[in-house]
$ cat query-v5.pdb   # PDB, C-alpha atoms
ATOM      1  CA  MET A   7     207.382  83.859  82.201
ATOM      2  CA  ASN A   8     207.810  83.155  78.487
ATOM      3  CA  LEU A   9     210.251  80.241  78.315
ATOM      4  CA  LYS A  10     209.682  79.435  74.662
ATOM      5  CA  ARG A  11     212.860  80.301  72.715
ATOM      6  CA  PRO A  12     212.191  82.839  70.029
ATOM      7  CA  GLU A  13     212.516  82.064  66.373
ATOM      8  CA  ARG A  14     216.082  83.031  65.470
ATOM      9  CA  GLU A  15     218.486  81.207  63.218
ATOM     10  CA  ARG A  16     222.127  80.532  63.846
ATOM     11  CA  ALA A  17     224.534  83.268  62.859
ATOM     12  CA  SER A  18     226.634  82.551  59.767
ATOM     13  CA  PRO A  19     230.231  81.435  60.368
ATOM     14  CA  SER A  20     231.761  84.621  61.651
ATOM     15  CA  ASP A  21     233.999  86.635  59.388
ATOM     16  CA  SER A  22     237.821  86.621  59.672
ATOM     17  CA  GLY A  23     237.711  85.690  63.354
ATOM     18  CA  SER A  24     237.188  89.220  64.621
ATOM     19  CA  ARG A  25     235.471  89.172  67.986
ATOM     20  CA  ALA A  26     234.317  92.417  69.470
ATOM     21  CA  ALA A  27     232.357  92.886  72.667
ATOM     22  CA  GLU A  28     229.000  93.448  71.011
ATOM     23  CA  ARG A  29     229.151  91.711  67.634
ATOM     24  CA  MET A  30     225.721  90.226  66.948
ATOM     25  CA  SER A  31     226.654  88.439  63.737
ATOM     26  CA  LEU A  32     224.578  88.562  60.581
ATOM     27  CA  THR A  33     222.475  85.526  59.726
ATOM     28  CA  GLU A  34     221.799  84.510  56.115
ATOM     29  CA  LYS A  35     218.307  85.983  56.556
ATOM     30  CA  ASP A  36     219.819  89.308  57.667
ATOM     31  CA  LYS A  37     222.148  89.404  54.668
ATOM     32  CA  ALA A  38     219.297  88.692  52.271
ATOM     33  CA  ALA A  39     217.190  91.423  53.895
ATOM     34  CA  VAL A  40     220.039  93.947  53.667
ATOM     35  CA  LYS A  41     220.678  93.166  50.004
ATOM     36  CA  ALA A  42     216.953  93.408  49.228
ATOM     37  CA  LEU A  43     216.703  96.776  50.990
ATOM     38  CA  TRP A  44     219.843  98.061  49.271
ATOM     39  CA  ALA A  45     218.422  97.073  45.873
ATOM     40  CA  LYS A  46     215.422  99.290  46.595
ATOM     41  CA  ILE A  47     217.276 102.318  47.964
ATOM     42  CA  SER A  48     220.635 102.378  46.169
ATOM     43  CA  LYS A  49     219.420 104.609  43.312
ATOM     44  CA  SER A  50     218.812 107.303  45.930
ATOM     45  CA  ALA A  51     222.112 106.659  47.711
ATOM     46  CA  ASP A  52     223.533 110.158  47.170
ATOM     47  CA  ALA A  53     220.394 111.847  48.500
ATOM     48  CA  ILE A  54     220.217 109.475  51.460
ATOM     49  CA  GLY A  55     223.856 110.110  52.359
ATOM     50  CA  ALA A  56     223.543 113.887  52.169
ATOM     51  CA  ASP A  57     220.306 113.932  54.167
ATOM     52  CA  ALA A  58     221.634 111.564  56.850
ATOM     53  CA  LEU A  59     224.835 113.533  57.261
ATOM     54  CA  SER A  60     222.933 116.851  57.502
ATOM     55  CA  ARG A  61     220.684 115.396  60.164
ATOM     56  CA  MET A  62     223.587 113.976  62.148
ATOM     57  CA  LEU A  63     225.393 117.325  62.190
ATOM     58  CA  LEU A  64     222.249 119.097  63.401
ATOM     59  CA  VAL A  65     220.835 116.552  65.845
ATOM     60  CA  TYR A  66     224.229 115.634  67.342
ATOM     61  CA  PRO A  67     226.228 118.874  67.186
ATOM     62  CA  GLN A  68     229.301 117.256  68.742
ATOM     63  CA  THR A  69     229.833 115.502  65.392
ATOM     64  CA  LYS A  70     230.557 118.869  63.781
ATOM     65  CA  THR A  71     233.953 118.805  65.475
ATOM     66  CA  TYR A  72     235.192 116.428  62.779
ATOM     67  CA  PHE A  73     234.386 118.877  59.993
ATOM     68  CA  SER A  74     235.783 122.161  61.273
ATOM     69  CA  HIS A  75     237.767 122.398  58.026
ATOM     70  CA  TRP A  76     234.578 122.761  55.971
ATOM     71  CA  PRO A  77     233.474 126.275  55.007
ATOM     72  CA  ASP A  78     229.842 125.244  55.210
ATOM     73  CA  MET A  79     228.080 122.569  57.246
ATOM     74  CA  LYS A  80     224.494 123.490  56.431
ATOM     75  CA  ALA A  81     222.064 120.897  55.108
ATOM     76  CA  GLY A  82     222.343 120.748  51.324
ATOM     77  CA  SER A  83     225.736 122.480  51.133
ATOM     78  CA  GLU A  84     228.368 121.202  48.706
ATOM     79  CA  PRO A  85     230.757 119.666  51.273
ATOM     80  CA  VAL A  86     227.839 117.868  52.957
ATOM     81  CA  LYS A  87     226.488 116.513  49.664
ATOM     82  CA  LYS A  88     229.917 115.398  48.514
ATOM     83  CA  HIS A  89     230.720 113.696  51.788
ATOM     84  CA  GLY A  90     227.306 112.049  52.022
ATOM     85  CA  LYS A  91     227.986 110.494  48.623
ATOM     86  CA  LYS A  92     231.364 109.235  49.810
ATOM     87  CA  ILE A  93     229.844 107.666  52.896
ATOM     88  CA  MET A  94     227.212 105.860  50.848
ATOM     89  CA  GLY A  95     229.963 104.570  48.599
ATOM     90  CA  GLY A  96     231.354 102.939  51.715
ATOM     91  CA  VAL A  97     227.944 101.535  52.636
ATOM     92  CA  GLY A  98     227.560 100.092  49.137
ATOM     93  CA  LEU A  99     231.004  98.536  49.400
ATOM     94  CA  ALA A 100     230.016  97.013  52.726
ATOM     95  CA  VAL A 101     226.875  95.507  51.178
ATOM     96  CA  SER A 102     229.002  93.894  48.461
ATOM     97  CA  LYS A 103     231.412  92.541  51.077
ATOM     98  CA  ILE A 104     228.728  91.487  53.500
ATOM     99  CA  ASP A 105     230.100  87.966  53.829
ATOM    100  CA  ASP A 106     233.368  89.240  55.262
ATOM    101  CA  LEU A 107     233.074  92.849  56.368
ATOM    102  CA  THR A 108     236.318  92.945  58.294
ATOM    103  CA  ALA A 109     238.406  91.813  55.315
ATOM    104  CA  GLY A 110     236.321  93.821  52.862
ATOM    105  CA  LEU A 111     236.586  97.075  54.808
ATOM    106  CA  LEU A 112     240.237  96.743  55.770
ATOM    107  CA  GLU A 113     241.407  99.875  53.943
ATOM    108  CA  LEU A 114     238.564 101.950  55.303
ATOM    109  CA  SER A 115     239.300 100.609  58.746
ATOM    110  CA  GLU A 116     242.907 101.740  58.500
ATOM    111  CA  LEU A 117     241.759 105.139  57.249
ATOM    112  CA  HIS A 118     239.416 105.599  60.208
ATOM    113  CA  ALA A 119     241.986 104.285  62.705
ATOM    114  CA  PHE A 120     245.106 106.129  61.696
ATOM    115  CA  GLN A 121     243.928 109.222  59.886
ATOM    116  CA  LEU A 122     240.344 110.100  60.725
ATOM    117  CA  ARG A 123     240.309 108.758  64.266
ATOM    118  CA  VAL A 124     236.554 109.156  64.572
ATOM    119  CA  ASP A 125     235.413 108.091  68.027
ATOM    120  CA  PRO A 126     233.480 104.869  67.374
ATOM    121  CA  ALA A 127     230.492 106.129  69.400
ATOM    122  CA  ASN A 128     229.738 108.375  66.448
ATOM    123  CA  PHE A 129     229.144 105.448  64.096
ATOM    124  CA  LYS A 130     225.948 104.700  66.042
ATOM    125  CA  LEU A 131     224.778 108.279  65.569
ATOM    126  CA  LEU A 132     225.255 108.180  61.804
ATOM    127  CA  ALA A 133     223.652 104.717  61.633
ATOM    128  CA  HIS A 134     220.582 106.070  63.413
ATOM    129  CA  CYS A 135     220.322 109.035  61.032
ATOM    130  CA  LEU A 136     220.748 106.779  57.984
ATOM    131  CA  GLN A 137     217.861 104.655  59.193
ATOM    132  CA  VAL A 138     215.685 107.698  59.932
ATOM    133  CA  VAL A 139     216.220 108.836  56.332
ATOM    134  CA  ILE A 140     215.509 105.393  54.901
ATOM    135  CA  ALA A 141     212.312 105.143  56.997
ATOM    136  CA  ASN A 142     211.358 108.641  55.883
ATOM    137  CA  MET A 143     211.964 108.034  52.167
ATOM    138  CA  PHE A 144     210.930 104.386  51.964
ATOM    139  CA  PRO A 145     208.330 103.867  54.709
ATOM    140  CA  LYS A 146     206.771 100.799  53.090
ATOM    141  CA  ASP A 147     210.118  99.062  52.578
ATOM    142  CA  PHE A 148     211.618  99.835  55.981
ATOM    143  CA  THR A 149     209.532  97.227  57.775
ATOM    144  CA  PRO A 150     210.507  96.074  61.288
ATOM    145  CA  GLU A 151     212.190  93.034  59.698
ATOM    146  CA  ALA A 152     214.212  95.218  57.324
ATOM    147  CA  HIS A 153     215.007  97.563  60.219
ATOM    148  CA  VAL A 154     216.498  94.894  62.472
ATOM    149  CA  ALA A 155     218.625  93.492  59.643
ATOM    150  CA  CYS A 156     219.793  96.989  58.680
ATOM    151  CA  ASP A 157     220.555  97.939  62.287
ATOM    152  CA  LYS A 158     222.604  94.770  62.768
ATOM    153  CA  PHE A 159     224.386  95.368  59.455
ATOM    154  CA  LEU A 160     225.338  98.956  60.288
ATOM    155  CA  ALA A 161     226.509  97.881  63.748
ATOM    156  CA  ASN A 162     228.711  95.249  62.129
ATOM    157  CA  VAL A 163     230.065  97.774  59.646
ATOM    158  CA  ALA A 164     230.944 100.063  62.561
ATOM    159  CA  LEU A 165     232.731  97.241  64.355
ATOM    160  CA  SER A 166     234.710  96.382  61.248
ATOM    161  CA  LEU A 167     235.601 100.057  60.745
ATOM    162  CA  SER A 168     236.959 100.301  64.283
ATOM    163  CA  GLU A 169     238.836  96.992  63.957
ATOM    164  CA  LYS A 170     242.257  98.625  63.644
ATOM    165  CA  TYR A 171     241.810 101.321  66.284
ATOM    166  CA  ARG A 172     243.986  99.623  68.880
TER
ATOM    167  CA  MET B   4     215.271 123.965  83.405
ATOM    168  CA  VAL B   5     215.003 123.050  79.744
ATOM    169  CA  GLU B   6     214.830 125.994  77.362
ATOM    170  CA  TRP B   7     212.515 125.484  74.416
ATOM    171  CA  THR B   8     212.560 127.758  71.384
ATOM    172  CA  ASP B   9     209.240 128.799  69.838
ATOM    173  CA  PHE B  10     210.050 126.552  66.900
ATOM    174  CA  GLU B  11     210.641 123.552  69.163
ATOM    175  CA  ARG B  12     207.411 124.092  71.114
ATOM    176  CA  ALA B  13     205.379 124.498  67.954
ATOM    177  CA  THR B  14     207.054 121.486  66.328
ATOM    178  CA  ILE B  15     206.336 119.145  69.233
ATOM    179  CA  GLN B  16     202.692 120.230  69.442
ATOM    180  CA  ASP B  17     202.421 119.870  65.662
ATOM    181  CA  ILE B  18     203.907 116.373  65.557
ATOM    182  CA  PHE B  19     201.577 115.111  68.262
ATOM    183  CA  SER B  20     198.564 116.646  66.569
ATOM    184  CA  ARG B  21     199.494 115.049  63.233
ATOM    185  CA  ILE B  22     200.467 111.522  64.135
ATOM    186  CA  ASP B  23     197.943 108.714  64.442
ATOM    187  CA  LYS B  24     198.467 107.910  68.109
ATOM    188  CA  ASP B  25     196.756 104.545  67.927
ATOM    189  CA  VAL B  26     199.233 103.542  65.242
ATOM    190  CA  VAL B  27     202.474 105.176  66.382
ATOM    191  CA  GLY B  28     202.538 103.870  69.954
ATOM    192  CA  PRO B  29     201.970 100.211  69.032
ATOM    193  CA  ALA B  30     204.276 100.477  65.996
ATOM    194  CA  ALA B  31     207.128 101.955  68.034
ATOM    195  CA  LEU B  32     206.842  99.433  70.849
ATOM    196  CA  SER B  33     206.598  96.436  68.532
ATOM    197  CA  ARG B  34     209.531  97.733  66.481
ATOM    198  CA  CYS B  35     211.568  98.050  69.675
ATOM    199  CA  LEU B  36     210.750  94.460  70.667
ATOM    200  CA  ILE B  37     211.725  93.259  67.173
ATOM    201  CA  VAL B  38     214.859  95.340  66.558
ATOM    202  CA  TYR B  39     216.182  95.019  70.129
ATOM    203  CA  PRO B  40     214.838  91.630  71.195
ATOM    204  CA  TRP B  41     216.415  91.756  74.655
ATOM    205  CA  THR B  42     213.787  94.355  75.543
ATOM    206  CA  GLN B  43     211.280  91.487  75.507
ATOM    207  CA  ARG B  44     212.560  90.592  78.960
ATOM    208  CA  TYR B  45     210.107  93.069  80.452
ATOM    209  CA  PHE B  46     207.079  91.588  78.756
ATOM    210  CA  GLY B  47     207.071  87.979  79.919
ATOM    211  CA  SER B  48     203.332  88.077  80.568
ATOM    212  CA  PHE B  49     202.473  89.296  77.067
ATOM    213  CA  GLY B  50     202.234  85.845  75.501
ATOM    214  CA  ASN B  51     203.459  85.182  71.966
ATOM    215  CA  LEU B  52     206.524  87.288  71.073
ATOM    216  CA  TYR B  53     207.985  84.453  69.030
ATOM    217  CA  ASN B  54     208.689  86.381  65.838
ATOM    218  CA  ALA B  55     208.091  89.739  64.169
ATOM    219  CA  ALA B  56     204.633  88.778  62.886
ATOM    220  CA  ALA B  57     203.545  87.589  66.329
ATOM    221  CA  ILE B  58     204.827  90.751  67.998
ATOM    222  CA  THR B  59     203.176  93.043  65.442
ATOM    223  CA  SER B  60     199.813  91.338  65.897
ATOM    224  CA  ASN B  61     200.015  90.876  69.669
ATOM    225  CA  PRO B  62     197.082  92.745  71.276
ATOM    226  CA  LYS B  63     198.901  93.264  74.604
ATOM    227  CA  VAL B  64     201.812  94.916  72.785
ATOM    228  CA  ALA B  65     199.380  97.172  70.938
ATOM    229  CA  ALA B  66     197.568  98.092  74.137
ATOM    230  CA  HIS B  67     200.800  98.856  75.897
ATOM    231  CA  GLY B  68     202.045 100.905  72.968
ATOM    232  CA  LYS B  69     199.039 103.164  73.490
ATOM    233  CA  VAL B  70     199.837 103.449  77.200
ATOM    234  CA  VAL B  71     203.385 104.542  76.359
ATOM    235  CA  LEU B  72     202.112 107.158  73.931
ATOM    236  CA  SER B  73     199.669 108.578  76.516
ATOM    237  CA  GLY B  74     202.655 108.921  78.790
ATOM    238  CA  LEU B  75     204.387 110.991  76.121
ATOM    239  CA  GLU B  76     201.318 113.166  75.682
ATOM    240  CA  LEU B  77     201.570 114.017  79.353
ATOM    241  CA  ALA B  78     205.046 115.367  78.675
ATOM    242  CA  VAL B  79     203.771 117.320  75.651
ATOM    243  CA  LYS B  80     201.179 118.996  77.892
ATOM    244  CA  ASN B  81     203.808 119.825  80.532
ATOM    245  CA  MET B  82     206.837 120.708  78.445
ATOM    246  CA  ASP B  83     208.148 123.206  80.967
ATOM    247  CA  ASP B  84     208.324 120.693  83.780
ATOM    248  CA  ILE B  85     208.685 117.210  82.396
ATOM    249  CA  LYS B  86     211.087 116.362  85.226
ATOM    250  CA  GLN B  87     208.456 116.884  87.903
ATOM    251  CA  THR B  88     205.616 115.507  85.780
ATOM    252  CA  TYR B  89     207.519 112.236  85.368
ATOM    253  CA  ALA B  90     208.773 111.846  88.945
ATOM    254  CA  ASP B  91     206.282 109.099  89.817
ATOM    255  CA  LEU B  92     206.734 107.365  86.464
ATOM    256  CA  SER B  93     210.472 107.353  87.053
ATOM    257  CA  VAL B  94     210.069 105.728  90.455
ATOM    258  CA  LEU B  95     207.688 103.188  88.909
ATOM    259  CA  HIS B  96     210.150 102.189  86.174
ATOM    260  CA  SER B  97     212.986 101.914  88.664
ATOM    261  CA  GLU B  98     211.447 100.394  91.759
ATOM    262  CA  LYS B  99     208.555  98.358  90.432
ATOM    263  CA  LEU B 100     209.302  97.538  86.789
ATOM    264  CA  HIS B 101     213.101  97.357  87.179
ATOM    265  CA  VAL B 102     213.714  98.554  83.629
ATOM    266  CA  ASP B 103     217.349  99.164  82.664
ATOM    267  CA  PRO B 104     217.206 102.858  81.721
ATOM    268  CA  ASP B 105     219.415 102.271  78.666
ATOM    269  CA  ASN B 106     216.287 100.777  77.127
ATOM    270  CA  PHE B 107     214.543 104.161  77.112
ATOM    271  CA  LYS B 108     216.899 105.352  74.406
ATOM    272  CA  LEU B 109     216.151 102.290  72.280
ATOM    273  CA  LEU B 110     212.411 102.975  72.398
ATOM    274  CA  ALA B 111     213.048 106.663  71.708
ATOM    275  CA  ASP B 112     215.040 105.778  68.573
ATOM    276  CA  CYS B 113     212.245 103.483  67.369
ATOM    277  CA  LEU B 114     209.696 106.256  67.969
ATOM    278  CA  THR B 115     211.812 108.627  65.870
ATOM    279  CA  ILE B 116     211.922 106.126  63.030
ATOM    280  CA  VAL B 117     208.172 105.435  63.158
ATOM    281  CA  VAL B 118     207.348 109.170  63.183
ATOM    282  CA  ALA B 119     209.837 109.738  60.325
ATOM    283  CA  ALA B 120     208.038 107.050  58.330
ATOM    284  CA  GLN B 121     204.607 108.563  59.066
ATOM    285  CA  MET B 122     205.443 112.213  58.416
ATOM    286  CA  GLY B 123     207.340 111.961  55.130
ATOM    287  CA  PRO B 124     208.709 115.288  53.809
ATOM    288  CA  GLY B 125     207.414 117.138  56.882
ATOM    289  CA  PHE B 126     210.033 115.394  58.993
ATOM    290  CA  THR B 127     212.841 117.799  58.124
ATOM    291  CA  CYS B 128     216.249 117.972  59.847
ATOM    292  CA  ASP B 129     215.006 120.736  62.158
ATOM    293  CA  VAL B 130     211.862 118.835  63.052
ATOM    294  CA  GLN B 131     213.932 115.728  63.804
ATOM    295  CA  ALA B 132     216.267 117.752  66.012
ATOM    296  CA  ALA B 133     213.342 119.176  67.992
ATOM    297  CA  PHE B 134     211.703 115.767  68.353
ATOM    298  CA  GLN B 135     214.919 114.107  69.528
ATOM    299  CA  LYS B 136     215.553 116.936  72.008
ATOM    300  CA  PHE B 137     212.054 116.362  73.411
ATOM    301  CA  LEU B 138     212.651 112.614  73.666
ATOM    302  CA  ALA B 139     216.031 113.220  75.316
ATOM    303  CA  VAL B 140     214.337 115.297  78.015
ATOM    304  CA  VAL B 141     211.691 112.592  78.474
ATOM    305  CA  VAL B 142     214.380 109.901  78.784
ATOM    306  CA  SER B 143     216.415 111.987  81.195
ATOM    307  CA  SER B 144     213.348 112.606  83.369
ATOM    308  CA  LEU B 145     212.531 108.911  83.407
ATOM    309  CA  ARG B 146     216.075 108.128  84.542
ATOM    310  CA  ARG B 147     216.108 110.738  87.236
ATOM    311  CA  GLN B 148     214.727 108.791  90.192
ATOM    312  CA  TYR B 149     216.942 105.749  89.674
ATOM    313  CA  HIS B 150     219.377 105.178  92.517
TER
END
$ encode --input "query-v5.pdb" --output "structure tokens"
Amino acid sequence: MNLKRPERERASPSDSGSRAAERMSLTEKDKAAVKALWAKISKSADAIGADALSRMLLVYPQTKTYFSHWPDMKAGSEPVKKHGKKIMGGVGLAVSKIDDLTAGLLELSELHAFQLRVDPANFKLLAHCLQVVIANMFPKDFTPEAHVACDKFLANVALSLSEKYR
Amino acid sequence: MVEWTDFERATIQDIFSRIDKDVVGPAALSRCLIVYPWTQRYFGSFGNLYNAAAITSNPKVAAHGKVVLSGLELAVKNMDDIKQTYADLSVLHSEKLHVDPDNFKLLADCLTIVVAAQMGPGFTCDVQAAFQKFLAVVVSSLRRQYH
């Protein structure tokens, strides 16, 4: 049995005291990795958002239920492109507020809690699709180290977005 | 029984003929051990899993990654009865290896990401959907004998 403790640093002091069941807090190394990855991909943010959203709607058809008001949900359609851009705006905001996601995403959290009421399980689905797109478009940059930091980051964003749900 | 469209069948065969199996299996397994470190619990005898570099260069991880991919190829060859094909593997994972079946999804997600990285523009939305449907059937078949 491997009893040697793996190389992992302490998490940074947690943000605004929010404790959720699964929060695996971001270390300074994670934050640096996320910012470095964002610097490389942010110019393609709109394309990433549109592609990720298209994939989510196709691969996880239950997510279409949130967009029944759209005339067109096909990949590359106007509503999908526009909404993908909006989502990436939120991701960019989260990157800039990475030291305190819960405070930084407060308005978005209230939006998702009281108006959109997206079941939080869906955040994981979008996070997966975002990472598939990033891996697909930036295979050399989306190393395993970048992947784990990004996965943790998106999980933390999801937790902060569902902060106000109940 | 799972219904596969012609597109889905062709896509799965195509993916597995395109990917470098000696690369994808090891890459997916090592990514899983790095991104979801609690999965390392099943690999206590594999030696140094201390950090990402150690995991990526660990020969036992690489060897096992290839074993996992051969298992998937079995499913590709028996797409119309993955459930039955995997019955023994399911019992193995449950009764002998004692793997929490939630982990299967984690490895499946890492496989999707590794294949997406390898295939570039060919990994369209429709191809991803077909691949994830295939992996979902594989995962479901592996879970089936748990009790």
$ closest_residue --input "query-v5.pdb" --among "B:Gly28, B:Gly68, B:Gly47, B:Gly74" --to "chain A" --atoms "all atoms listed in the file"
B:Gly47
$ resolve_selection --input "query-v5.pdb" --expression "the ChimeraX specification (/A :<10) & /B" --output "number ranges by chain"
B: 30-31, 33-40, 43-56, 59, 112-113, 115-136
$ residues_around --input "query-v5.pdb" --residues "range 108-115 of chain A" --least-positions-apart "4" --cutoff "7 Å" --atoms "all atoms listed in the file" --output "list in words"
Asp21, Ser22, Ala100, Lys103, Ala119, Ser166, Leu167, Ser168, Glu169 and Lys170 of chain A
$ atom_distance --input "query-v5.pdb" --atom1 "CA of Ala57 in chain B" --atom2 "CA of Ala38 in chain A"
21.1 Å
$ atom_distance --input "query-v5.pdb" --atom1 "CA of Ala56 in chain A" --atom2 "CA of Lys91 in chain A"
6.6 Å
$ axis_aligned_box --input "query-v5.pdb" --around "range 112-123 of chain A" --padding-each-side "8 Å" --output "JSON"
{"center_x": 241.8, "center_y": 103.4, "center_z": 59.1, "size_x": 22.5, "size_y": 29.4, "size_z": 26.3}
$ resolve_selection --input "query-v5.pdb" --expression "the PyMOL selection byres ((chain B and resi 25) around 12)" --output "count of residues only"
22
